[in-house]
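Asks: upload_9.txt (compact mmCIF, C-alpha atoms) pasted underneath:
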```txt
# COMPACT_ATOMS: atom_id res chain seq x y z
CA ILE A 1 134.05 49.04 148.49
CA GLY A 2 131.26 51.55 148.41
CA VAL A 3 130.98 54.28 151.00
CA GLU A 4 128.57 53.30 153.81
CA THR A 5 129.73 49.65 153.59
CA ASN A 6 132.30 49.48 156.38
CA VAL A 7 133.72 52.70 154.93
CA TRP A 8 132.94 56.31 155.77
CA VAL A 9 134.35 59.77 155.21
CA THR A 10 134.80 62.67 157.65
CA ASP A 11 135.57 66.26 156.72
CA ARG A 12 136.95 67.49 160.09
CA THR A 13 138.36 66.28 163.36
CA PHE A 14 137.15 67.64 166.70
CA HIS A 15 139.78 67.96 169.46
CA GLY A 16 137.45 69.46 172.09
CA LEU A 17 138.47 71.72 174.97
CA GLY A 18 137.27 74.78 173.08
CA LYS A 19 139.62 74.20 170.13
CA ARG A 20 138.33 74.71 166.62
CA PRO A 21 137.86 71.55 164.51
CA VAL A 22 140.60 70.73 162.03
CA LYS A 23 139.30 70.57 158.44
CA GLU A 24 140.47 67.48 156.59
CA ASN A 25 139.09 64.70 154.44
CA ILE A 26 139.67 61.29 155.96
CA LEU A 27 138.52 57.96 154.59
CA HIS A 28 137.87 55.51 157.44
CA LEU A 29 137.95 51.81 156.68
CA LEU A 30 136.77 49.16 159.11
CA ASP A 31 138.89 46.12 158.39
CA ASP A 32 139.11 42.66 159.84
CA ASP A 33 141.68 39.99 159.15
CA SER A 34 143.53 41.46 156.13
CA THR A 35 147.05 42.55 155.23
CA GLY A 36 146.19 46.19 156.00
CA ILE A 37 147.61 47.38 152.67
CA TYR A 38 145.24 49.26 150.37
CA THR A 39 145.42 51.25 147.18
CA LEU A 40 143.01 54.17 146.94
CA THR A 41 142.18 55.07 143.34
CA TYR A 42 140.29 58.19 142.34
CA GLU A 43 138.34 58.15 139.10
CA ALA A 44 136.53 60.95 137.35
CA LEU A 45 132.77 60.62 137.33
CA PRO A 46 131.25 59.87 133.94
CA ALA A 47 129.88 62.83 132.03
CA PRO A 48 126.22 63.42 132.88
CA ASP A 49 123.65 62.17 130.37
CA THR A 50 122.03 65.23 128.80
CA THR A 51 120.88 63.69 125.52
CA PRO A 52 117.14 63.00 125.36
CA PRO A 53 115.96 59.64 124.04
CA THR A 54 113.86 59.15 120.93
CA SER A 55 110.77 57.02 120.39
CA VAL A 56 108.15 56.20 117.77
CA VAL A 57 104.75 54.54 117.64
CA ALA A 58 104.70 51.78 115.02
CA LEU A 59 102.60 52.41 111.92
CA LEU A 60 98.98 51.34 112.16
CA PRO A 61 96.87 50.10 109.25
CA ALA A 62 94.62 52.72 107.66
CA ASP A 63 91.54 50.83 108.95
CA SER A 64 91.29 49.23 112.40
CA ARG A 65 88.86 47.44 114.66
CA GLU A 66 87.61 49.03 117.89
CA ASN A 67 90.42 47.51 119.99
CA ILE A 68 93.50 49.11 118.44
CA PRO A 69 96.82 47.34 119.19
CA VAL A 70 99.44 50.08 119.65
CA HIS A 71 103.18 49.30 119.70
CA TRP A 72 106.05 51.71 120.33
CA SER A 73 109.82 51.60 120.76
CA GLY A 74 112.68 53.91 121.63
CA GLN A 75 116.42 54.42 121.87
CA ASP A 76 118.61 56.31 124.30
CA PRO A 77 122.22 56.95 123.25
CA GLY A 78 123.21 58.07 126.77
CA GLY A 79 121.77 55.21 128.81
CA ALA A 80 118.44 53.47 129.07
CA ILE A 81 114.82 54.49 128.68
CA ALA A 82 112.94 54.55 131.99
CA TYR A 83 109.40 54.83 130.61
CA TYR A 84 107.13 56.27 127.92
CA ASP A 85 104.17 58.64 127.89
CA LEU A 86 101.65 57.89 125.11
CA TYR A 87 99.36 60.52 123.61
CA VAL A 88 96.21 60.15 121.52
CA SER A 89 94.01 62.48 119.49
CA GLN A 90 90.45 61.56 118.53
CA ASN A 91 88.96 63.01 115.34
CA SER A 92 91.76 65.63 114.96
CA GLY A 93 91.14 66.99 118.46
CA ALA A 94 93.80 68.00 120.98
CA PHE A 95 96.27 65.35 122.05
CA THR A 96 95.77 64.00 125.57
CA ARG A 97 97.96 61.66 127.57
CA TRP A 98 96.58 58.14 127.27
CA LEU A 99 99.33 56.26 129.20
CA ALA A 100 101.66 57.81 131.77
CA ALA A 101 105.02 56.29 132.72
CA ALA A 102 104.44 53.11 130.69
CA ALA A 103 107.30 50.67 131.17
CA GLY A 104 106.07 48.31 128.44
CA THR A 105 105.96 48.87 124.69
CA THR A 106 102.49 47.67 123.74
CA ALA A 107 98.89 48.31 124.76
CA VAL A 108 95.39 48.15 123.32
CA TYR A 109 93.50 51.42 122.84
CA PRO A 110 89.68 51.17 123.08
CA GLY A 111 88.47 53.06 120.03
CA THR A 112 84.95 53.90 118.88
CA PHE A 113 83.54 52.84 115.52
CA GLY A 114 83.72 55.70 113.00
CA SER A 115 86.39 57.69 114.87
CA THR A 116 89.91 58.52 113.69
CA TYR A 117 92.82 58.20 116.15
CA ALA A 118 96.37 59.56 115.98
CA PHE A 119 99.17 58.54 118.35
CA TYR A 120 102.65 59.62 119.41
CA SER A 121 105.02 58.67 122.21
CA ILE A 122 107.48 60.55 124.39
CA ALA A 123 110.39 58.66 125.95
CA ILE A 124 111.98 59.61 129.28
CA ASP A 125 115.39 58.16 130.13
CA GLN A 126 116.81 57.15 133.51
CA ALA A 127 118.65 60.48 133.80
CA GLY A 128 115.32 62.32 133.52
CA ASN A 129 115.84 63.61 129.97
CA ARG A 130 112.50 63.94 128.17
CA GLU A 131 111.98 63.68 124.43
CA ALA A 132 110.31 66.71 122.84
CA ALA A 133 106.80 66.23 121.49
CA PRO A 134 106.76 65.69 117.71
CA LEU A 135 105.20 68.23 115.34
CA THR A 136 103.07 65.51 113.73
CA PRO A 137 101.73 62.23 115.11
CA ASP A 138 103.67 59.03 114.48
CA THR A 139 100.66 57.15 113.12
CA GLN A 140 96.90 57.25 112.75
CA THR A 141 93.98 54.97 111.90
CA ILE A 142 90.21 55.02 111.53
CA VAL A 143 88.00 52.49 113.30
CA SER A 144 85.99 51.18 110.35
CA LEU A 145 86.20 47.41 110.67
CA THR A 146 83.72 45.35 112.64
CA ASN A 147 83.46 41.72 113.57
CA GLN A 148 80.52 39.98 112.00
CA ALA A 149 79.11 36.55 112.58
CA PRO A 150 79.67 34.27 109.61
CA ILE A 151 76.72 33.69 107.29
CA LEU A 152 76.18 30.07 106.41
CA ALA A 153 74.22 28.98 103.37
CA ALA A 154 71.14 26.92 104.08
CA LEU A 155 71.68 23.19 103.74
CA THR A 156 69.35 21.11 101.64
CA ASN A 157 68.23 17.68 102.73
CA ARG A 158 71.01 15.18 102.30
CA THR A 159 71.01 11.45 102.35
CA TRP A 160 74.02 9.69 103.73
CA ARG A 161 74.88 6.17 102.76
CA HIS A 162 77.14 3.96 104.75
```
Show me the file's structure as structure tokens.

Replies:
Amino acid sequence: IGVETNVWVTDRTFHGLGKRPVKENILHLLDDDSTGIYTLTYEALPAPDTTPPTSVVALLPADSRENIPVHWSGQDPGGAIAYYDLYVSQNSGAFTRWLAAAAGTTAVYPGTFGSTYAFYSIAIDQAGNREAAPLTPDTQTIVSLTNQAPILAALTNRTWRH
């Protein structure tokens, strides 16, 4: 039974009449219709999670279209990843945060034709541990592909027989 669910703890008892309170630790249990016999078990708290998670942005093709599909993933040996921050650099410029506190692992980056983009991710776990920024980006691509309407050859006159 968790504390604050029909259970509470006090650290002193007040007797009044000018007497000092008596320091003690008492567990109070509100019970109804039971045997009245309980076993109180103390357990050590688990060691705090101090290990930062790791993450990586999946490799991109060397050439991309303007809408760049970016995928990332991560691992946390001490628990679970809470979210990711994603960073991007355009044309070898400074990295800026593109997505903050992203819970998902995929997004589409709106690139510009002729520009080069580099990406990396930083994972943050549920204990608040933050992955260090990498020395080099996880992946990069250049927006050099465009969509073009298909070109159809001219049709000559045809005669159809039934």

Asks: Can you tell me which residues surround Gly79 of chain A at a distance of at most 8 Å, considering only C-alpha atoms, apart from same-chain residues fewer than 2 positions away, and format the answer as a PyMOL selection string?

Replies: chain A and resi 49+76-77+81+125-127

Asks: Go through A:Pro150, A:Pro21, A:Pro46, A:Pro52 and flag the residue nearest Ala133 of chain A, using only C-alpha atoms for the distances.

Replies: A:Pro52

Asks: Give the answer as one residue: which of A:Asn67, A:Asn91, A:Asn129, A:Thr96 has the shortest atom-to-atom distance to Leu145 of chain A, using only C-alpha atoms?

Replies: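 Among the listed residues, A:Asn67 lies closest to Leu145 of chain A.
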
Asks: What separation in Å, quoted to one decimal, exists between atom CA of Asp31 of chain A and atom CA of Val9 of chain A?

Replies: 14.7 Å

Asks: (101.9, 52.2, 116.9) in this file's frame - what residues fall within 6 Å of it? Use all atoms listed in the file and give the answer as an mmCIF file with C-alpha atoms, in the frame of the given file.

Replies:
```cif
data_model
loop_
_atom_site.group_PDB
_atom_site.id
_atom_site.type_symbol
_atom_site.label_atom_id
_atom_site.label_comp_id
_atom_site.auth_asym_id
_atom_site.auth_seq_id
_atom_site.Cartn_x
_atom_site.Cartn_y
_atom_site.Cartn_z
ATOM 1 C CA VAL A 57 104.750 54.540 117.640
ATOM 2 C CA ALA A 58 104.700 51.780 115.020
ATOM 3 C CA LEU A 59 102.600 52.410 111.920
ATOM 4 C CA LEU A 60 98.980 51.340 112.160
ATOM 5 C CA VAL A 70 99.440 50.080 119.650
ATOM 6 C CA HIS A 71 103.180 49.300 119.700
ATOM 7 C CA TRP A 72 106.050 51.710 120.330
#
```

Asks: Neighbours of Asn6 of chain A within 9 Å (all atoms listed in the file; same-chain residues fewer than 5 positions away dropped), as number ranges by chain?

Replies: A: 1, 28-31

Asks: Please list as a PDB file with C-alpha atoms, keeping the file's coordinate frame every residue within 6 Å of Ser55 of chain A, counting all atoms listed in the file and excluding residues in the same chain fewer than 5 positions away.

Replies:
```pdb
ATOM      1  CA  SER A  73     109.820  51.600 120.760  1.00  0.00           C
ATOM      2  CA  GLY A  74     112.680  53.910 121.630  1.00  0.00           C
ATOM      3  CA  ALA A 123     110.390  58.660 125.950  1.00  0.00           C
TER       4      ALA A 123
END
```

Asks: To one decimal place, how far is atom CA of Lys23 of chain A from atom CA of Glu43 of chain A in Å?

Replies: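 Computed distance, atom CA of Lys23 of chain A to atom CA of Glu43 of chain A, equals 23.0 Å.
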
Asks: Find the distance between atom CA of Asp138 of chain A and atom CA of Val108 of chain A and write it in Å to one decimal.

Replies: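 Separating atom CA of Asp138 of chain A from atom CA of Val108 of chain A is a distance of 16.3 Å.
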
Asks: For each of A:Gly111, A:Ser64, A:Pro137, A:Thr50, take the minimum atom-to-atom distance to Leu86 of chain A, counting only C-alpha atoms, then give the residue where this is smallest.

Replies: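 Checking each candidate against Leu86 of chain A, we get A:Pro137 as the closest.
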
Asks: So that all listed atoms of segment 70-78 of chain A fit with 4 Å spare on each side, what axis-aligned box centre and edge lengths in Å, to one decimal, would you give as AutoDock Vina command-line options?

Replies:
```
--center_x 111.3 --center_y 53.7 --center_z 123.2 --size_x 31.8 --size_y 16.8 --size_z 15.1
```

Asks: Within 12 Å of Pro110 of chain A, counting all atoms listed in the file, which residues qualify if same-chain residues fewer than 4 places away don't, as a ChimeraX atom specification?

Replies: /A:64-70,88,90,98,115-117,143
